[in-house]
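J.: As input, take structure-v5.cif (mmCIF, C-alpha atoms, pLDDT in the B column; chains and numbers go by the auth columns):
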```cif
data_my_file
#
loop_
_atom_site.group_PDB
_atom_site.id
_atom_site.type_symbol
_atom_site.label_atom_id
_atom_site.label_comp_id
_atom_site.label_asym_id
_atom_site.label_seq_id
_atom_site.Cartn_x
_atom_site.Cartn_y
_atom_site.Cartn_z
_atom_site.B_iso_or_equiv
_atom_site.auth_seq_id
_atom_site.auth_asym_id
ATOM 1 C CA MET A 1 8.666 -12.903 -16.125 48.00 278 A
ATOM 2 C CA SER A 2 6.045 -10.251 -16.723 56.00 279 A
ATOM 3 C CA THR A 3 4.860 -9.512 -20.248 78.00 280 A
ATOM 4 C CA ALA A 4 4.274 -5.913 -19.151 89.00 281 A
ATOM 5 C CA PRO A 5 6.141 -3.196 -21.068 92.00 282 A
ATOM 6 C CA ALA A 6 9.292 -1.737 -19.501 93.00 283 A
ATOM 7 C CA LEU A 7 8.847 1.433 -17.476 95.00 284 A
ATOM 8 C CA ASP A 8 10.311 4.814 -18.349 96.00 285 A
ATOM 9 C CA PRO A 9 10.942 6.247 -14.853 96.00 286 A
ATOM 10 C CA MET A 10 10.874 9.833 -16.113 96.00 287 A
ATOM 11 C CA HIS A 11 7.206 9.396 -17.046 98.00 288 A
ATOM 12 C CA THR A 12 6.248 7.049 -14.199 98.00 289 A
ATOM 13 C CA ALA A 13 4.748 7.721 -10.777 98.00 290 A
ATOM 14 C CA LEU A 14 4.235 5.247 -7.958 98.00 291 A
ATOM 15 C CA LEU A 15 0.938 5.984 -6.198 98.00 292 A
ATOM 16 C CA VAL A 16 1.103 5.230 -2.465 98.00 293 A
ATOM 17 C CA MET A 17 -2.506 5.483 -1.357 98.00 294 A
ATOM 18 C CA ASP A 18 -4.122 5.415 2.079 98.00 295 A
ATOM 19 C CA TYR A 19 -1.066 3.960 3.831 98.00 296 A
ATOM 20 C CA GLN A 20 -2.241 5.573 7.064 97.00 297 A
ATOM 21 C CA PRO A 21 -2.317 4.023 10.566 96.00 298 A
ATOM 22 C CA ALA A 22 -6.137 4.106 10.791 95.00 299 A
ATOM 23 C CA ILE A 23 -6.464 2.263 7.465 96.00 300 A
ATOM 24 C CA LEU A 24 -3.529 -0.106 7.978 95.00 301 A
ATOM 25 C CA ALA A 25 -5.435 -1.268 11.050 93.00 302 A
ATOM 26 C CA PHE A 26 -7.705 -3.223 8.679 89.00 303 A
ATOM 27 C CA VAL A 27 -4.758 -5.329 7.472 87.00 304 A
ATOM 28 C CA PRO A 28 -4.001 -8.345 9.725 79.00 305 A
ATOM 29 C CA GLU A 29 -1.414 -7.365 12.304 78.00 306 A
ATOM 30 C CA GLY A 30 2.085 -8.707 12.686 75.00 307 A
ATOM 31 C CA GLU A 31 3.738 -10.432 9.745 74.00 308 A
ATOM 32 C CA ASP A 32 1.172 -9.430 7.107 89.00 309 A
ATOM 33 C CA ARG A 33 1.265 -5.741 7.918 92.00 310 A
ATOM 34 C CA ASN A 34 5.043 -5.589 8.313 93.00 311 A
ATOM 35 C CA ALA A 35 5.634 -7.534 5.097 94.00 312 A
ATOM 36 C CA LEU A 36 3.275 -5.204 3.217 96.00 313 A
ATOM 37 C CA LEU A 37 5.095 -2.126 4.532 96.00 314 A
ATOM 38 C CA ASP A 38 8.457 -3.735 3.675 97.00 315 A
ATOM 39 C CA ARG A 39 7.385 -4.311 0.080 97.00 316 A
ATOM 40 C CA VAL A 40 5.961 -0.827 -0.429 98.00 317 A
ATOM 41 C CA GLU A 41 8.997 0.748 1.248 98.00 318 A
ATOM 42 C CA GLY A 42 11.167 -1.206 -1.203 98.00 319 A
ATOM 43 C CA ALA A 43 9.052 -0.137 -4.192 98.00 320 A
ATOM 44 C CA ILE A 44 9.319 3.523 -3.150 98.00 321 A
ATOM 45 C CA ALA A 45 13.109 3.219 -2.848 98.00 322 A
ATOM 46 C CA ASP A 46 13.288 1.484 -6.248 97.00 323 A
ATOM 47 C CA VAL A 47 11.245 4.128 -8.050 98.00 324 A
ATOM 48 C CA ARG A 48 13.193 6.938 -6.347 97.00 325 A
ATOM 49 C CA ALA A 49 16.558 5.365 -7.248 96.00 326 A
ATOM 50 C CA ASN A 50 15.538 5.240 -10.914 96.00 327 A
ATOM 51 C CA GLY A 51 14.344 8.843 -11.047 96.00 328 A
ATOM 52 C CA GLY A 52 10.612 8.190 -10.934 97.00 329 A
ATOM 53 C CA THR A 53 7.988 10.191 -9.035 98.00 330 A
ATOM 54 C CA ILE A 54 6.321 9.209 -5.758 98.00 331 A
ATOM 55 C CA ALA A 55 2.759 10.454 -5.274 98.00 332 A
ATOM 56 C CA TYR A 56 1.071 10.052 -1.901 98.00 333 A
ATOM 57 C CA VAL A 57 -2.685 10.040 -1.530 98.00 334 A
ATOM 58 C CA ARG A 58 -4.261 10.133 1.915 98.00 335 A
ATOM 59 C CA VAL A 59 -7.778 10.508 3.208 98.00 336 A
ATOM 60 C CA GLY A 60 -8.409 13.227 5.769 98.00 337 A
ATOM 61 C CA PHE A 61 -11.276 15.546 6.546 98.00 338 A
ATOM 62 C CA ALA A 62 -11.571 19.147 7.672 97.00 339 A
ATOM 63 C CA ASP A 63 -14.789 20.280 9.375 97.00 340 A
ATOM 64 C CA ALA A 64 -16.079 21.714 6.096 97.00 341 A
ATOM 65 C CA ASP A 65 -15.471 18.352 4.369 97.00 342 A
ATOM 66 C CA TRP A 66 -17.540 16.476 6.960 97.00 343 A
ATOM 67 C CA ASP A 67 -20.302 19.092 6.726 97.00 344 A
ATOM 68 C CA ALA A 68 -20.440 18.708 2.929 97.00 345 A
ATOM 69 C CA ILE A 69 -21.070 14.932 3.019 97.00 346 A
ATOM 70 C CA PRO A 70 -24.784 14.204 2.456 97.00 347 A
ATOM 71 C CA ALA A 71 -26.609 11.593 4.504 97.00 348 A
ATOM 72 C CA SER A 72 -27.243 9.717 1.234 98.00 349 A
ATOM 73 C CA ASN A 73 -23.536 8.849 0.882 98.00 350 A
ATOM 74 C CA LYS A 74 -23.552 5.290 2.208 97.00 351 A
ATOM 75 C CA SER A 75 -19.777 5.043 2.693 96.00 352 A
ATOM 76 C CA PHE A 76 -18.868 8.481 3.957 97.00 353 A
ATOM 77 C CA ALA A 77 -21.923 9.699 5.918 97.00 354 A
ATOM 78 C CA PRO A 78 -20.973 7.554 8.952 96.00 355 A
ATOM 79 C CA LEU A 79 -17.441 9.033 8.901 95.00 356 A
ATOM 80 C CA ALA A 80 -18.901 12.530 8.892 96.00 357 A
ATOM 81 C CA GLN A 81 -21.409 11.689 11.607 96.00 358 A
ATOM 82 C CA HIS A 82 -18.665 10.396 13.930 96.00 359 A
ATOM 83 C CA ARG A 83 -16.097 12.992 12.836 96.00 360 A
ATOM 84 C CA VAL A 84 -13.392 10.384 12.174 94.00 361 A
ATOM 85 C CA MET A 85 -10.177 10.742 10.127 96.00 362 A
ATOM 86 C CA HIS A 86 -9.573 14.432 10.803 97.00 363 A
ATOM 87 C CA HIS A 87 -6.723 15.463 8.543 97.00 364 A
ATOM 88 C CA GLU A 88 -4.558 16.556 11.500 97.00 365 A
ATOM 89 C CA ASP A 89 -5.114 13.321 13.453 97.00 366 A
ATOM 90 C CA PRO A 90 -1.907 11.201 13.643 97.00 367 A
ATOM 91 C CA ALA A 91 -4.023 8.183 12.594 96.00 368 A
ATOM 92 C CA ALA A 92 -4.632 9.958 9.261 97.00 369 A
ATOM 93 C CA ALA A 93 -0.947 10.732 8.629 98.00 370 A
ATOM 94 C CA ILE A 94 1.112 8.832 6.063 98.00 371 A
ATOM 95 C CA HIS A 95 2.795 5.898 7.820 97.00 372 A
ATOM 96 C CA GLU A 96 6.202 6.963 9.155 97.00 373 A
ATOM 97 C CA ARG A 97 8.009 4.118 7.364 96.00 374 A
ATOM 98 C CA LEU A 98 6.809 5.472 4.021 98.00 375 A
ATOM 99 C CA ALA A 99 7.396 9.136 4.821 95.00 376 A
ATOM 100 C CA PRO A 100 7.350 11.583 1.906 98.00 377 A
ATOM 101 C CA GLN A 101 10.451 13.500 0.863 97.00 378 A
ATOM 102 C CA ASP A 102 10.898 16.932 -0.699 96.00 379 A
ATOM 103 C CA GLY A 103 9.659 16.951 -4.266 96.00 380 A
ATOM 104 C CA ASP A 104 7.092 14.183 -3.790 98.00 381 A
ATOM 105 C CA ILE A 105 3.453 14.797 -4.653 98.00 382 A
ATOM 106 C CA ILE A 106 1.077 14.689 -1.655 98.00 383 A
ATOM 107 C CA VAL A 107 -2.680 15.101 -1.968 98.00 384 A
ATOM 108 C CA ARG A 108 -5.507 14.861 0.560 98.00 385 A
ATOM 109 C CA LYS A 109 -8.797 13.350 -0.573 98.00 386 A
ATOM 110 C CA VAL A 110 -12.292 13.155 0.900 98.00 387 A
ATOM 111 C CA ARG A 111 -13.733 10.263 -1.159 98.00 388 A
ATOM 112 C CA TYR A 112 -12.492 6.849 -2.331 97.00 389 A
ATOM 113 C CA GLY A 113 -10.660 7.741 -5.525 98.00 390 A
ATOM 114 C CA GLY A 114 -7.223 9.315 -5.598 98.00 391 A
ATOM 115 C CA MET A 115 -8.209 11.815 -8.314 98.00 392 A
ATOM 116 C CA SER A 116 -11.902 12.656 -7.894 97.00 393 A
ATOM 117 C CA THR A 117 -11.506 15.164 -5.023 98.00 394 A
ATOM 118 C CA THR A 118 -7.848 16.177 -5.545 98.00 395 A
ATOM 119 C CA ASP A 119 -5.613 17.871 -8.122 98.00 396 A
ATOM 120 C CA LEU A 120 -3.526 14.694 -8.482 98.00 397 A
ATOM 121 C CA ASP A 121 -4.257 14.337 -12.204 98.00 398 A
ATOM 122 C CA GLN A 122 -3.170 17.932 -12.838 98.00 399 A
ATOM 123 C CA GLN A 123 0.038 17.558 -10.794 98.00 400 A
ATOM 124 C CA LEU A 124 0.965 14.331 -12.598 98.00 401 A
ATOM 125 C CA ARG A 125 0.348 15.866 -16.039 98.00 402 A
ATOM 126 C CA GLU A 126 2.431 18.933 -15.141 98.00 403 A
ATOM 127 C CA ARG A 127 5.353 16.559 -14.540 98.00 404 A
ATOM 128 C CA GLY A 128 4.790 14.658 -17.774 98.00 405 A
ATOM 129 C CA ILE A 129 3.627 11.501 -15.993 98.00 406 A
ATOM 130 C CA THR A 130 1.818 9.086 -18.307 98.00 407 A
ATOM 131 C CA THR A 131 2.292 5.828 -16.391 98.00 408 A
ATOM 132 C CA LEU A 132 1.066 4.961 -12.898 98.00 409 A
ATOM 133 C CA VAL A 133 2.121 2.103 -10.644 98.00 410 A
ATOM 134 C CA VAL A 134 -0.671 1.700 -8.108 98.00 411 A
ATOM 135 C CA SER A 135 -0.331 0.597 -4.483 98.00 412 A
ATOM 136 C CA GLY A 136 -2.863 1.160 -1.731 98.00 413 A
ATOM 137 C CA ILE A 137 -5.300 -0.001 0.899 97.00 414 A
ATOM 138 C CA SER A 138 -7.855 -1.164 0.202 95.00 415 A
ATOM 139 C CA THR A 139 -8.050 -3.037 -3.088 97.00 416 A
ATOM 140 C CA SER A 140 -11.855 -2.628 -3.170 97.00 417 A
ATOM 141 C CA GLY A 141 -11.718 1.033 -2.104 97.00 418 A
ATOM 142 C CA VAL A 142 -9.059 3.505 -3.208 98.00 419 A
ATOM 143 C CA VAL A 143 -7.350 1.072 -5.604 98.00 420 A
ATOM 144 C CA LEU A 144 -10.530 0.120 -7.467 98.00 421 A
ATOM 145 C CA SER A 145 -11.795 3.712 -7.703 98.00 422 A
ATOM 146 C CA THR A 146 -8.431 5.108 -8.792 98.00 423 A
ATOM 147 C CA VAL A 147 -7.694 2.384 -11.359 98.00 424 A
ATOM 148 C CA ILE A 148 -11.070 2.880 -13.059 98.00 425 A
ATOM 149 C CA ASP A 149 -10.722 6.669 -13.034 98.00 426 A
ATOM 150 C CA ALA A 150 -7.088 6.681 -14.205 98.00 427 A
ATOM 151 C CA ALA A 151 -7.879 4.195 -16.991 98.00 428 A
ATOM 152 C CA ASP A 152 -10.597 6.550 -18.233 98.00 429 A
ATOM 153 C CA ARG A 153 -7.987 9.338 -18.212 98.00 430 A
ATOM 154 C CA ASP A 154 -5.724 7.214 -20.467 98.00 431 A
ATOM 155 C CA TYR A 155 -2.862 6.530 -18.074 98.00 432 A
ATOM 156 C CA GLN A 156 -0.821 3.404 -18.677 98.00 433 A
ATOM 157 C CA LEU A 157 -1.479 1.422 -15.509 98.00 434 A
ATOM 158 C CA TYR A 158 0.331 -1.162 -13.442 98.00 435 A
ATOM 159 C CA VAL A 159 -1.183 -2.545 -10.240 98.00 436 A
ATOM 160 C CA LEU A 160 1.349 -3.708 -7.667 98.00 437 A
ATOM 161 C CA SER A 161 -0.223 -7.029 -6.674 97.00 438 A
ATOM 162 C CA ASP A 162 1.806 -7.316 -3.453 97.00 439 A
ATOM 163 C CA GLY A 163 1.451 -3.605 -2.644 97.00 440 A
ATOM 164 C CA VAL A 164 -2.337 -3.658 -2.354 97.00 441 A
ATOM 165 C CA ALA A 165 -4.386 -5.258 0.406 96.00 442 A
ATOM 166 C CA ASP A 166 -8.005 -5.639 1.429 94.00 443 A
ATOM 167 C CA PRO A 167 -9.757 -6.980 4.540 92.00 444 A
ATOM 168 C CA ASP A 168 -11.799 -9.231 2.220 93.00 445 A
ATOM 169 C CA THR A 169 -9.438 -11.732 0.563 92.00 446 A
ATOM 170 C CA GLU A 170 -12.071 -12.975 -1.882 96.00 447 A
ATOM 171 C CA VAL A 171 -12.876 -9.494 -3.177 96.00 448 A
ATOM 172 C CA HIS A 172 -9.145 -8.698 -3.357 96.00 449 A
ATOM 173 C CA ASN A 173 -8.509 -11.770 -5.521 97.00 450 A
ATOM 174 C CA VAL A 174 -11.470 -11.163 -7.854 98.00 451 A
ATOM 175 C CA LEU A 175 -10.322 -7.591 -8.473 98.00 452 A
ATOM 176 C CA LEU A 176 -6.678 -8.541 -9.071 98.00 453 A
ATOM 177 C CA HIS A 177 -7.400 -11.518 -11.325 97.00 454 A
ATOM 178 C CA ARG A 178 -10.717 -10.708 -13.004 98.00 455 A
ATOM 179 C CA VAL A 179 -11.316 -6.938 -12.979 98.00 456 A
ATOM 180 C CA PHE A 180 -8.014 -5.058 -13.074 98.00 457 A
ATOM 181 C CA PRO A 181 -6.315 -6.981 -15.940 97.00 458 A
ATOM 182 C CA SER A 182 -8.612 -5.338 -18.512 97.00 459 A
ATOM 183 C CA ARG A 183 -7.300 -1.924 -17.428 97.00 460 A
ATOM 184 C CA ALA A 184 -3.845 -2.515 -15.987 98.00 461 A
ATOM 185 C CA HIS A 185 -0.756 -4.713 -16.064 98.00 462 A
ATOM 186 C CA ILE A 186 -0.619 -6.754 -12.846 97.00 463 A
ATOM 187 C CA ILE A 187 2.948 -6.939 -11.521 97.00 464 A
ATOM 188 C CA ASP A 188 4.626 -7.502 -8.165 97.00 465 A
ATOM 189 C CA THR A 189 7.495 -5.612 -6.534 97.00 466 A
ATOM 190 C CA THR A 190 10.123 -7.971 -8.002 96.00 467 A
ATOM 191 C CA GLU A 191 8.769 -7.374 -11.516 96.00 468 A
ATOM 192 C CA LEU A 192 8.654 -3.610 -10.832 97.00 469 A
ATOM 193 C CA HIS A 193 12.376 -3.730 -10.010 95.00 470 A
ATOM 194 C CA ALA A 194 13.104 -5.495 -13.318 94.00 471 A
ATOM 195 C CA LEU A 195 10.807 -3.295 -15.428 95.00 472 A
ATOM 196 C CA LEU A 196 12.388 -0.079 -14.098 93.00 473 A
ATOM 197 C CA ARG A 197 15.787 -1.321 -15.169 85.00 474 A
ATOM 198 C CA ALA A 198 14.571 -2.471 -18.561 80.00 475 A
ATOM 199 C CA GLY A 199 13.191 0.965 -19.407 70.00 476 A
#
```
Could I get this structure in the form of C-alpha cells?
T.:
Amino acid sequence: MSTAPALDPMHTALLVMDYQPAILAFVPEGEDRNALLDRVEGAIADVRANGGTIAYVRVGFADADWDAIPASNKSFAPLAQHRVMHHEDPAAAIHERLAPQDGDIIVRKVRYGGMSTTDLDQQLRERGITTLVVSGISTSGVVLSTVIDAADRDYQLYVLSDGVADPDTEVHNVLLHRVFPSRAHIIDTTELHALLRAG
C-alpha cells in the first residue's frame, strides 16, 4: 500500500490535462487508449463521489494566440505555422468520455504547463485547494511542466501513475521513477480510491 498521506477531498483537485482527441492520438490505439480512458474516468468518478474538485486543462488556440507565438519557440512555432489545435476544433475538445460537469474548473492553455498561461492557480486557491492529483498526456509535456510549476507553488502533489501516458516509454518511466518522486507522491488509481476514503 502507498505510504502517501490520505487525501482530504475538500482540499483536493484532480487535474485532467490534455485528454483531447488530437493528443490521445499519440497513445497507442485500442486496448492501451481505452484502458487509459477507463482508469481516468474511474478516477474522476471517485473524486466526484468523495466531494473533490475536477479541473480540466486543455490546449487550444485562437488566431491571436497563434500570432503571438514567436518563431524561436521550438515546440509551439510549428503549431502556429500550421494553425493546428484551434480551440473550437472538435479534435481540441475534452474527450467525450471524460466530459466536464457543472461546477468543474475548465481552463484553456496555449503552452505546455497547466498554470503558466491560465488562471488555474487562482481558481484552485479560491476554492481552498491545496492538493493536486495529476493526470494527463503527455508525461514529458503537460505533466512535467505542471508538476514542476505546482511544486514551486507549494501544492501537495500526487501523480497518477496509470493516468499519465507518453509516446516515449523510456522518458515516461524516467520521469515517473526518477524525477517526479522528489516533488510528488506517485500513486495509481487503486491507491487514489483508498487514499480518498482514508482522508
J.: When you count all atoms listed in the file, which of these residues is closest to Gly319 in chain A: A:Asp445, A:Asp426, A:Asp439, A:Asp342?
T.: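 Among A:Asp445, A:Asp426, A:Asp439, A:Asp342, it is A:Asp439 that comes nearest to Gly319 in chain A.
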J.: Given the choices A:Leu284, A:Val424, A:Leu356, A:Val336, which gets closest to Val387 in chain A if the distance is worked out from only C-alpha atoms?
T.: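 Closest residue, counting only C-alpha atoms: A:Val336.
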J.: One decimal, Å: what's the distance from CA of Ile371 in chain A over to CA of Arg335 in chain A, could you say?
T.: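 CA of Arg335 in chain A lies 6.9 Å from CA of Ile371 in chain A.
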J.: Step by step, work through what the PyMOL selection byres ((chain A and resi 282) around 10) selects in the shown file, and finish by giving those residues as a PDB file with C-alpha atoms, keeping the file's coordinate frame.
T.:
```pdb
ATOM      1  CA  SER A 279       6.045 -10.251 -16.723  1.00 56.00           C
ATOM      2  CA  THR A 280       4.860  -9.512 -20.248  1.00 78.00           C
ATOM      3  CA  ALA A 281       4.274  -5.913 -19.151  1.00 89.00           C
ATOM      4  CA  ALA A 283       9.292  -1.737 -19.501  1.00 93.00           C
ATOM      5  CA  LEU A 284       8.847   1.433 -17.476  1.00 95.00           C
ATOM      6  CA  ASP A 285      10.311   4.814 -18.349  1.00 96.00           C
ATOM      7  CA  GLN A 433      -0.821   3.404 -18.677  1.00 98.00           C
ATOM      8  CA  TYR A 435       0.331  -1.162 -13.442  1.00 98.00           C
ATOM      9  CA  HIS A 462      -0.756  -4.713 -16.064  1.00 98.00           C
ATOM     10  CA  LEU A 472      10.807  -3.295 -15.428  1.00 95.00           C
ATOM     11  CA  LEU A 473      12.388  -0.079 -14.098  1.00 93.00           C
ATOM     12  CA  ALA A 475      14.571  -2.471 -18.561  1.00 80.00           C
ATOM     13  CA  GLY A 476      13.191   0.965 -19.407  1.00 70.00           C
TER      14      GLY A 476
END
```
J.: Step by step, work through what the PyMOL selection byres ((chain A and resi 287) around 9) selects in the shown file, and finish by giving those residues as a list in words.
T.: Leu284, Asp285, Pro286, His288, Thr289, Ala290, Asn327, Gly328, Gly329, Thr330, Arg404, Gly405 and Ile406 of chain A
J.: What does the distance between CA of Leu375 in chain A and CA of Tyr296 in chain A come to in Å, to one decimal place?
T.: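 Between CA of Leu375 in chain A and CA of Tyr296 in chain A the gap is 8.0 Å.
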J.: Name the residues that the PyMOL selection byres ((chain A and resi 292) around 8) pulls out of this structure, and write them as a PyMOL selection string.
T.: chain A and resi 290-291+293-294+331-334+409-413
J.: Applying 9 Å and only C-alpha atoms, which residues near Phe338 in chain A remain after dropping the ones on its own chain fewer than 5 positions away? List them as a list in words.
T.: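 Answer for this query is Trp343, Ala357, Arg360, Val361, Met362, His363, His364, Glu365, Arg385, Lys386 and Val387 of chain A.
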J.: So how far away is CA of Val324 in chain A from CA of Ala376 in chain A, in Å?
T.: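 Straight-line distance from CA of Ala376 in chain A to CA of Val324 in chain A works out to 14.3 Å.
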J.: For Leu301 in chain A, please output as a ChimeraX atom specification all residues within 12 Å (counting only C-alpha atoms; exclusion window: fewer than 4 positions along the same chain).
T.: /A:294-297,305-307,309-311,313-314,335,368-372,413-415,441-444
J.: Could you check which of A:Thr408, A:Ser349, A:Thr395, A:Ser459 is closest to Tyr432 in chain A, using only C-alpha atoms?
T.: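 For Tyr432 in chain A, the nearest of the candidates is A:Thr408.
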J.: Box for range 351-354 of chain A: with edges along x, y and z, all listed atoms inside and 6 Å added on each side, what are the centre and edge lengths in Å to one decimal, as JSON?
T.:
```
{"center_x": -21.2, "center_y": 7.4, "center_z": 4.1, "size_x": 16.7, "size_y": 16.7, "size_z": 15.7}
```
J.: Compare A:Asp429, A:Val419, A:Val436, A:Asp344 by their minimum atom-to-atom distance to Phe457 in chain A, counting all atoms listed in the file, and give me the closest one.
T.: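 Selected residue with least distance to Phe457 in chain A: A:Val436.
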J.: Would you mind putting back N, CA, C and O atoms on range 464-475 of chain A, then writing it out as a short mmCIF file (atom, residue, chain, number, x, y, z; two decimals), in the coordinates of the input?
T.:
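Everything below was put into part-v3.cif:
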```cif
data_model
loop_
_atom_site.label_atom_id
_atom_site.label_comp_id
_atom_site.auth_asym_id
_atom_site.auth_seq_id
_atom_site.Cartn_x
_atom_site.Cartn_y
_atom_site.Cartn_z
N ILE A 464 1.56 -6.56 -11.79
CA ILE A 464 2.95 -6.94 -11.52
C ILE A 464 3.17 -6.98 -10.01
O ILE A 464 2.34 -6.47 -9.24
N ASP A 465 4.28 -7.58 -9.58
CA ASP A 465 4.63 -7.50 -8.16
C ASP A 465 5.90 -6.66 -8.01
O ASP A 465 6.44 -6.14 -9.00
N THR A 466 6.37 -6.51 -6.78
CA THR A 466 7.50 -5.61 -6.53
C THR A 466 8.78 -6.11 -7.19
O THR A 466 9.62 -5.31 -7.61
N THR A 467 8.94 -7.43 -7.33
CA THR A 467 10.12 -7.97 -8.00
C THR A 467 10.09 -7.62 -9.49
O THR A 467 11.11 -7.22 -10.07
N GLU A 468 8.92 -7.73 -10.10
CA GLU A 468 8.77 -7.37 -11.52
C GLU A 468 8.95 -5.86 -11.71
O GLU A 468 9.54 -5.42 -12.71
N LEU A 469 8.47 -5.06 -10.76
CA LEU A 469 8.65 -3.61 -10.83
C LEU A 469 10.14 -3.30 -10.92
O LEU A 469 10.58 -2.50 -11.75
N HIS A 470 10.93 -3.92 -10.06
CA HIS A 470 12.38 -3.73 -10.01
C HIS A 470 12.99 -4.01 -11.39
O HIS A 470 13.78 -3.22 -11.91
N ALA A 471 12.58 -5.10 -12.00
CA ALA A 471 13.10 -5.50 -13.32
C ALA A 471 12.64 -4.54 -14.42
O ALA A 471 13.42 -4.15 -15.30
N LEU A 472 11.36 -4.15 -14.38
CA LEU A 472 10.81 -3.30 -15.43
C LEU A 472 11.40 -1.89 -15.40
O LEU A 472 11.55 -1.24 -16.43
N LEU A 473 11.75 -1.39 -14.21
CA LEU A 473 12.39 -0.08 -14.10
C LEU A 473 13.76 -0.09 -14.75
O LEU A 473 14.18 0.87 -15.39
N ARG A 474 14.45 -1.22 -14.60
CA ARG A 474 15.79 -1.32 -15.17
C ARG A 474 15.78 -1.62 -16.66
O ARG A 474 16.73 -1.33 -17.36
N ALA A 475 14.67 -2.16 -17.13
CA ALA A 475 14.57 -2.47 -18.56
C ALA A 475 14.18 -1.24 -19.39
O ALA A 475 14.26 -1.28 -20.62
#
```
